[in-house]
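Asks: Next comes the structure file model-v6.cif, holding mmCIF, C-alpha atoms and all ligand atoms.
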data_run
loop_
_atom_site.label_atom_id
_atom_site.label_comp_id
_atom_site.auth_asym_id
_atom_site.auth_seq_id
_atom_site.Cartn_x
_atom_site.Cartn_y
_atom_site.Cartn_z
CA MET V 252 108.58 97.44 59.20
CA ASN V 253 105.68 95.50 60.66
CA THR V 254 107.32 92.20 61.63
CA LEU V 255 103.93 90.83 62.72
CA LEU V 256 103.30 90.23 59.01
CA ALA V 257 105.87 87.45 58.94
CA PRO V 258 105.61 85.12 61.94
CA GLN V 259 107.84 82.08 61.82
CA LEU V 260 107.83 78.61 63.38
CA ARG V 261 110.90 77.43 65.25
CA ASP V 262 111.69 74.55 67.59
CA MET V 263 110.79 75.10 71.25
CA LYS V 264 113.78 74.77 73.59
CA PRO V 265 113.89 74.22 77.36
CA ALA V 266 114.85 77.89 77.73
CA ASP V 267 111.50 78.88 76.18
CA VAL V 268 109.39 77.13 78.80
CA ASP V 269 109.07 80.18 81.11
CA ALA V 270 107.62 82.31 78.28
CA VAL V 271 105.49 79.42 77.03
CA LEU V 272 104.09 78.87 80.53
CA SER V 273 103.29 82.54 80.86
CA ILE V 274 101.14 82.40 77.69
CA GLU V 275 99.66 79.02 78.67
CA GLN V 276 98.61 80.24 82.11
CA SER V 277 97.05 83.42 80.75
CA VAL V 278 94.87 81.75 78.08
CA HIS V 279 93.81 78.40 79.60
CA ALA V 280 91.50 77.89 82.58
CA HIS V 281 93.26 74.55 83.14
CA PRO V 282 96.82 75.18 81.94
CA TRP V 283 99.55 72.64 81.34
CA THR V 284 102.25 72.60 83.99
CA ARG V 285 105.97 73.21 83.54
CA GLY V 286 106.38 69.44 83.84
CA ASN V 287 103.95 68.84 80.97
CA PHE V 288 106.05 71.01 78.65
CA SER V 289 109.35 69.54 79.88
CA ASP V 290 107.99 66.02 79.34
CA ALA V 291 106.77 66.92 75.84
CA LEU V 292 110.24 68.23 74.95
CA ALA V 293 112.00 65.24 76.54
CA SER V 294 109.68 62.83 74.71
CA GLY V 295 110.61 64.30 71.34
CA TYR V 296 107.14 65.64 70.59
CA VAL V 297 106.96 68.31 67.91
CA CYS V 298 107.03 71.51 69.98
CA LYS V 299 107.11 74.75 68.01
CA ILE V 300 107.17 78.42 68.91
CA TYR V 301 105.32 80.85 66.67
CA GLU V 302 107.05 84.20 66.82
CA THR V 303 108.14 87.39 65.26
CA THR V 304 111.09 89.40 66.46
CA PRO V 305 110.86 89.95 69.40
CA ALA V 306 107.37 88.70 70.28
CA MET V 307 106.37 85.13 71.06
CA LEU V 308 102.90 84.96 69.52
CA GLY V 309 102.04 81.42 70.53
CA PHE V 310 103.06 77.80 70.28
CA VAL V 311 101.91 74.36 69.30
CA VAL V 312 102.65 70.88 70.68
CA LEU V 313 102.11 67.83 68.48
CA MET V 314 102.55 64.16 69.29
CA PRO V 315 103.30 61.84 66.36
CA ALA V 316 101.88 58.32 66.59
CA LEU V 317 102.44 56.15 63.51
CA ASP V 318 100.67 58.02 60.70
CA GLU V 319 98.58 60.20 63.03
CA MET V 320 99.55 63.57 64.44
CA HIS V 321 97.88 64.42 67.74
CA LEU V 322 97.44 68.11 68.40
CA LEU V 323 98.01 68.41 72.15
CA ASP V 324 98.14 72.17 72.62
CA ILE V 325 97.79 75.25 70.44
CA SER V 326 97.78 78.66 72.05
CA ILE V 327 98.01 82.26 70.91
CA ALA V 328 98.91 84.97 73.45
CA ALA V 329 95.81 86.87 74.52
CA GLU V 330 96.97 90.18 73.07
CA HIS V 331 97.51 88.58 69.63
CA GLN V 332 94.23 86.64 69.40
CA ARG V 333 91.52 87.29 66.79
CA GLN V 334 94.03 88.39 64.15
CA GLY V 335 94.11 85.17 62.16
CA LEU V 336 97.26 83.87 63.85
CA GLY V 337 95.66 80.77 65.40
CA ARG V 338 94.41 79.70 61.98
CA ARG V 339 97.81 80.36 60.42
CA LEU V 340 99.59 78.42 63.16
CA LEU V 341 97.16 75.50 62.78
CA ASP V 342 97.67 75.54 59.00
CA GLU V 343 101.45 75.47 59.55
CA ALA V 344 101.09 72.53 61.96
CA MET V 345 98.94 70.62 59.44
CA GLN V 346 101.44 71.35 56.67
CA LEU V 347 104.28 70.15 58.87
CA ALA V 348 102.37 66.94 59.66
CA ARG V 349 101.61 66.35 55.97
CA GLY V 350 105.27 66.88 55.16
CA THR V 351 106.29 64.09 57.51
CA GLY V 352 103.83 61.62 55.97
CA MET V 353 101.04 61.87 58.52
CA ARG V 354 97.64 60.87 57.19
CA ARG V 355 95.40 62.53 59.75
CA MET V 356 95.42 64.94 62.65
CA LEU V 357 93.48 64.22 65.83
CA LEU V 358 92.71 66.36 68.85
CA GLU V 359 90.56 66.61 71.95
CA VAL V 360 88.77 69.81 72.88
CA ARG V 361 86.44 70.89 75.66
CA PRO V 362 82.83 71.40 74.49
CA SER V 363 82.97 74.75 76.34
CA ASN V 364 85.91 75.94 74.22
CA LEU V 365 83.81 77.50 71.47
CA ALA V 366 86.69 79.55 70.02
CA ALA V 367 88.86 76.48 69.49
CA ILE V 368 85.98 74.40 68.12
CA ALA V 369 85.17 77.15 65.60
CA LEU V 370 88.84 77.33 64.61
CA TYR V 371 89.10 73.56 64.13
CA ARG V 372 85.86 73.33 62.12
CA ALA V 373 86.96 76.17 59.86
CA ALA V 374 90.23 74.30 59.25
CA GLY V 375 88.40 71.12 58.20
CA PHE V 376 88.14 69.12 61.44
CA SER V 377 84.99 67.23 62.29
CA GLU V 378 83.79 65.50 65.45
CA ILE V 379 84.39 61.73 65.50
CA GLY V 380 83.57 60.95 69.13
CA ARG V 381 83.43 61.97 72.78
CA ARG V 382 85.43 60.97 75.82
CA ARG V 383 83.21 61.17 78.90
CA GLY V 384 84.63 63.09 81.85
CA TYR V 385 88.03 63.44 80.17
CA TYR V 386 88.98 66.85 81.57
CA PRO V 387 89.03 68.21 85.11
CA ALA V 388 86.59 71.11 85.45
CA ALA V 389 85.58 73.68 88.04
CA ALA V 390 84.52 72.58 91.54
CA ALA V 391 86.19 69.17 91.18
CA GLY V 392 83.83 68.30 88.34
CA ARG V 393 84.71 66.77 85.00
CA GLU V 394 84.09 67.85 81.41
CA ASP V 395 83.82 65.65 78.33
CA ALA V 396 86.27 65.87 75.45
CA ILE V 397 85.11 66.17 71.86
CA VAL V 398 87.47 64.14 69.67
CA MET V 399 88.02 65.79 66.28
CA GLU V 400 89.80 64.57 63.18
CA CYS V 401 91.05 66.04 59.94
CA VAL V 402 92.36 63.92 57.07
CA LEU V 403 95.55 65.56 55.90
C1 LIG C 501 91.86 78.93 69.97
C2 LIG C 501 92.91 79.99 69.68
C3 LIG C 501 94.27 79.33 69.42
C4 LIG C 501 92.49 80.78 68.41
O1 LIG C 501 93.52 81.70 68.10
P1 LIG C 501 93.21 83.10 67.36
O2 LIG C 501 94.50 83.60 66.83
O3 LIG C 501 92.44 83.99 68.24
O4 LIG C 501 92.25 82.61 66.17
P2 LIG C 501 92.06 83.28 64.76
O5 LIG C 501 92.07 84.76 64.88
O6 LIG C 501 93.02 82.68 63.80
O7 LIG C 501 90.58 82.83 64.41
C5 LIG C 501 90.34 81.71 63.55
C6 LIG C 501 88.89 81.28 63.74
O8 LIG C 501 88.72 80.70 65.02
C7 LIG C 501 87.43 81.05 65.52
N1 LIG C 501 87.60 81.87 66.74
C8 LIG C 501 88.75 82.31 67.27
N2 LIG C 501 88.51 82.95 68.42
C9 LIG C 501 87.19 82.91 68.61
C10 LIG C 501 86.33 83.39 69.64
N3 LIG C 501 86.81 84.06 70.70
N4 LIG C 501 85.02 83.14 69.53
C11 LIG C 501 84.51 82.47 68.49
N5 LIG C 501 85.27 82.00 67.47
C12 LIG C 501 86.58 82.22 67.53
C13 LIG C 501 86.72 81.82 64.43
O9 LIG C 501 86.07 80.87 63.61
C14 LIG C 501 87.89 82.41 63.69
O10 LIG C 501 87.60 82.72 62.36
P3 LIG C 501 87.03 84.21 62.02
O11 LIG C 501 88.01 85.17 62.61
O12 LIG C 501 86.99 84.22 60.54
O13 LIG C 501 85.69 84.30 62.69
C15 LIG C 501 93.00 81.03 70.83
O14 LIG C 501 91.70 81.49 71.15
C16 LIG C 501 93.66 80.48 72.08
O15 LIG C 501 94.89 80.49 72.22
N6 LIG C 501 92.82 80.02 73.02
C17 LIG C 501 93.31 79.51 74.30
C18 LIG C 501 94.03 78.20 74.15
C19 LIG C 501 93.10 77.14 73.63
O16 LIG C 501 91.95 77.02 74.02
N7 LIG C 501 93.65 76.31 72.71
C20 LIG C 501 92.90 75.22 72.10
C21 LIG C 501 92.87 74.00 72.95
S1 LIG C 501 94.50 73.39 73.27
#
Please re-express this file's structure in structure tokens.
Replies:
Amino acid sequence: MNTLLAPQLRDMKPADVDAVLSIEQSVHAHPWTRGNFSDALASGYVCKIYETTPAMLGFVVLMPALDEMHLLDISIAAEHQRQGLGRRLLDEAMQLARGTGMRRMLLEVRPSNLAAIALYRAAGFSEIGRRRGYYPAAAAGREDAIVMECVL
């Protein structure tokens, strides 16, 4: 049976952070730290693992704020990318947000992250602003953030 046909979302637990970090560090040029994930869990953010048995395919971290859901991190393991899983995980996250009464989803993304921007646009997000010098970048520089929104 090909279990990759039926990935599931489940709550992230502290014991998952090693595996989450391993994916995070392999797919982001500027990865979150262990502390970032521990803080997200301790703060009660919506942290979900996307997996089949036995593979962790990716994860998503969402921060609820009133009727807005902020997408803080979405990552698919490198070996599972370009198979439609990022889109499916994003759709699941949007469905989850809708189901808890959220009216819109917001996110920040680096202008250089063309894969993520294409994913977000395809899912219905549009640019609503920019934050100048929001992200650290190579050689102690800074990179803007594009702020994107999708009405749920
Ligand atoms: C962004 C990310 C989650 C996409 O996951 P994925 O499983 O590869 O994406 P999908 O296969 O579902 O692709 C969905 C759409 O995204 C876009 N896309 C994904 N990867 C792309 C790439 N390398 N180049 C251009 N477009 C890309 C395409 O529009 C694609 O639709 P298509 O396949 O019909 O062309 C993945 O590349 C990733 O984990 N990147 C590193 C982490 C990151 O940057 N996260 C976002 C900021 S937190």
Asks: Can you tell me which residues come within 10 Å of ligand LIG 501 (chain C) when counting all atoms listed in the file, ideally as JSON, numbers by chain?
Replies: {"V": [274, 275, 276, 277, 278, 279, 280, 281, 282, 283, 308, 309, 310, 311, 312, 322, 323, 324, 325, 326, 327, 328, 329, 330, 331, 332, 333, 334, 335, 336, 337, 338, 339, 340, 341, 342, 358, 359, 360, 361, 363, 364, 365, 366, 367, 368, 369, 370, 371, 372, 373, 374]}
Asks: Near Pro315 (chain V), within 10 Å and counting only C-alpha atoms, which residues show up once chain neighbours fewer than 5 positions away are dropped, as an MDAnalysis selection string?
Replies: chainID V and resid 295:297 320:322 348 351 353 356
Asks: Report the distance between CA of Arg261 (chain V) and CA of Glu302 (chain V) in Å, rounded to one decimal place.
Replies: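 Between CA of Arg261 (chain V) and CA of Glu302 (chain V) the gap works out to 7.9 Å.
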Asks: Leaving out Tyr385 (chain V) and any residue of its chain fewer than 5 positions from it, which residues lie within 9 Å of it when counting only C-alpha atoms, given as JSON, numbers by chain?
Replies: {"V": [361, 393, 394, 395, 396]}
Asks: Give me, as an MDAnalysis selection string, all polymer residues having an atom no more than 12 Å from Asp267 (chain V), counting all atoms listed in the file and skipping those fewer than 4 positions away in the same chain.
Replies: chainID V and resid 261:263 271:274 285 288:289 292 298:302 307 309:310
Asks: Could you state the separation of CA of Met314 (chain V) and CA of Gly350 (chain V) in Å, given to one decimal place?
Replies: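 Answer for the CA of Met314 (chain V) to CA of Gly350 (chain V) separation: 14.6 Å.
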Asks: Applying 6 Å and only C-alpha atoms, which residues near region 398-400 of chain V remain after dropping the ones on its own chain fewer than 2 positions away? List them as an MDAnalysis selection string.
Replies: chainID V and resid 356:359 376:381
Asks: Would you compute the distance between CA of Asp269 (chain V) and CA of Leu313 (chain V)? Give it in Å to one decimal.
Replies: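 These atoms are spaced 19.0 Å apart.
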Asks: From the set V:Leu260, V:Pro265, V:Met345, V:Gly384, which residue has the shortest atom-to-atom contact distance to Ala293 (chain V), counting only C-alpha atoms?
Replies: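 Looking at the shortest contact to Ala293 (chain V), the residue is V:Pro265.
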Asks: Enclose region 328-337 of chain V, meaning all of its atoms listed in the file, in a box aligned along x, y and z, pad it by 6 Å on each side, and list the centre and edge lengths in Å to one decimal, as AutoDock Vina command-line options.
Replies:
--center_x 95.2 --center_y 85.5 --center_z 68.3 --size_x 19.4 --size_y 21.4 --size_z 24.4
Asks: Compare V:Ala391, V:Pro258, V:Arg382, V:Gly375 by their minimum atom-to-atom distance to Ala306 (chain V), counting only C-alpha atoms, and give me the closest one.
Replies: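 Of V:Ala391, V:Pro258, V:Arg382, V:Gly375, the one nearest Ala306 (chain V), counting only C-alpha atoms, is V:Pro258.
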Asks: Taking N, CA and C atoms as the atom set, what does region 276-288 of chain V look like once completed, written as a PDB file, in the coordinates of the input?
Replies:
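What landed in part-v8.pdb:
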ATOM      1  N   GLN V 276      99.377  79.948  80.896  1.00  0.00           N
ATOM      2  CA  GLN V 276      98.610  80.240  82.110  1.00  0.00           C
ATOM      3  C   GLN V 276      97.639  81.409  81.911  1.00  0.00           C
ATOM      4  N   SER V 277      97.940  82.267  80.935  1.00  0.00           N
ATOM      5  CA  SER V 277      97.050  83.420  80.750  1.00  0.00           C
ATOM      6  C   SER V 277      95.888  83.112  79.801  1.00  0.00           C
ATOM      7  N   VAL V 278      95.957  82.015  79.043  1.00  0.00           N
ATOM      8  CA  VAL V 278      94.870  81.750  78.080  1.00  0.00           C
ATOM      9  C   VAL V 278      94.072  80.478  78.356  1.00  0.00           C
ATOM     10  N   HIS V 279      94.533  79.641  79.289  1.00  0.00           N
ATOM     11  CA  HIS V 279      93.810  78.400  79.600  1.00  0.00           C
ATOM     12  C   HIS V 279      93.285  78.431  81.034  1.00  0.00           C
ATOM     13  N   ALA V 280      92.049  78.027  81.226  1.00  0.00           N
ATOM     14  CA  ALA V 280      91.500  77.890  82.580  1.00  0.00           C
ATOM     15  C   ALA V 280      92.166  76.731  83.313  1.00  0.00           C
ATOM     16  N   HIS V 281      92.588  75.721  82.566  1.00  0.00           N
ATOM     17  CA  HIS V 281      93.260  74.550  83.140  1.00  0.00           C
ATOM     18  C   HIS V 281      94.579  74.353  82.397  1.00  0.00           C
ATOM     19  N   PRO V 282      95.582  75.182  82.735  1.00  0.00           N
ATOM     20  CA  PRO V 282      96.820  75.180  81.940  1.00  0.00           C
ATOM     21  C   PRO V 282      97.687  73.939  82.159  1.00  0.00           C
ATOM     22  N   TRP V 283      98.481  73.616  81.169  1.00  0.00           N
ATOM     23  CA  TRP V 283      99.550  72.640  81.340  1.00  0.00           C
ATOM     24  C   TRP V 283     100.527  73.164  82.379  1.00  0.00           C
ATOM     25  N   THR V 284     101.229  72.230  83.019  1.00  0.00           N
ATOM     26  CA  THR V 284     102.250  72.600  83.990  1.00  0.00           C
ATOM     27  C   THR V 284     103.615  72.674  83.302  1.00  0.00           C
ATOM     28  N   ARG V 285     104.583  73.207  84.041  1.00  0.00           N
ATOM     29  CA  ARG V 285     105.970  73.210  83.540  1.00  0.00           C
ATOM     30  C   ARG V 285     106.401  71.777  83.193  1.00  0.00           C
ATOM     31  N   GLY V 286     106.011  70.846  84.057  1.00  0.00           N
ATOM     32  CA  GLY V 286     106.380  69.440  83.840  1.00  0.00           C
ATOM     33  C   GLY V 286     105.792  68.888  82.544  1.00  0.00           C
ATOM     34  N   ASN V 287     104.577  69.294  82.213  1.00  0.00           N
ATOM     35  CA  ASN V 287     103.950  68.840  80.970  1.00  0.00           C
ATOM     36  C   ASN V 287     104.794  69.271  79.760  1.00  0.00           C
ATOM     37  N   PHE V 288     105.245  70.535  79.794  1.00  0.00           N
ATOM     38  CA  PHE V 288     106.050  71.010  78.650  1.00  0.00           C
ATOM     39  C   PHE V 288     107.426  70.342  78.646  1.00  0.00           C
TER      40      PHE V 288
END
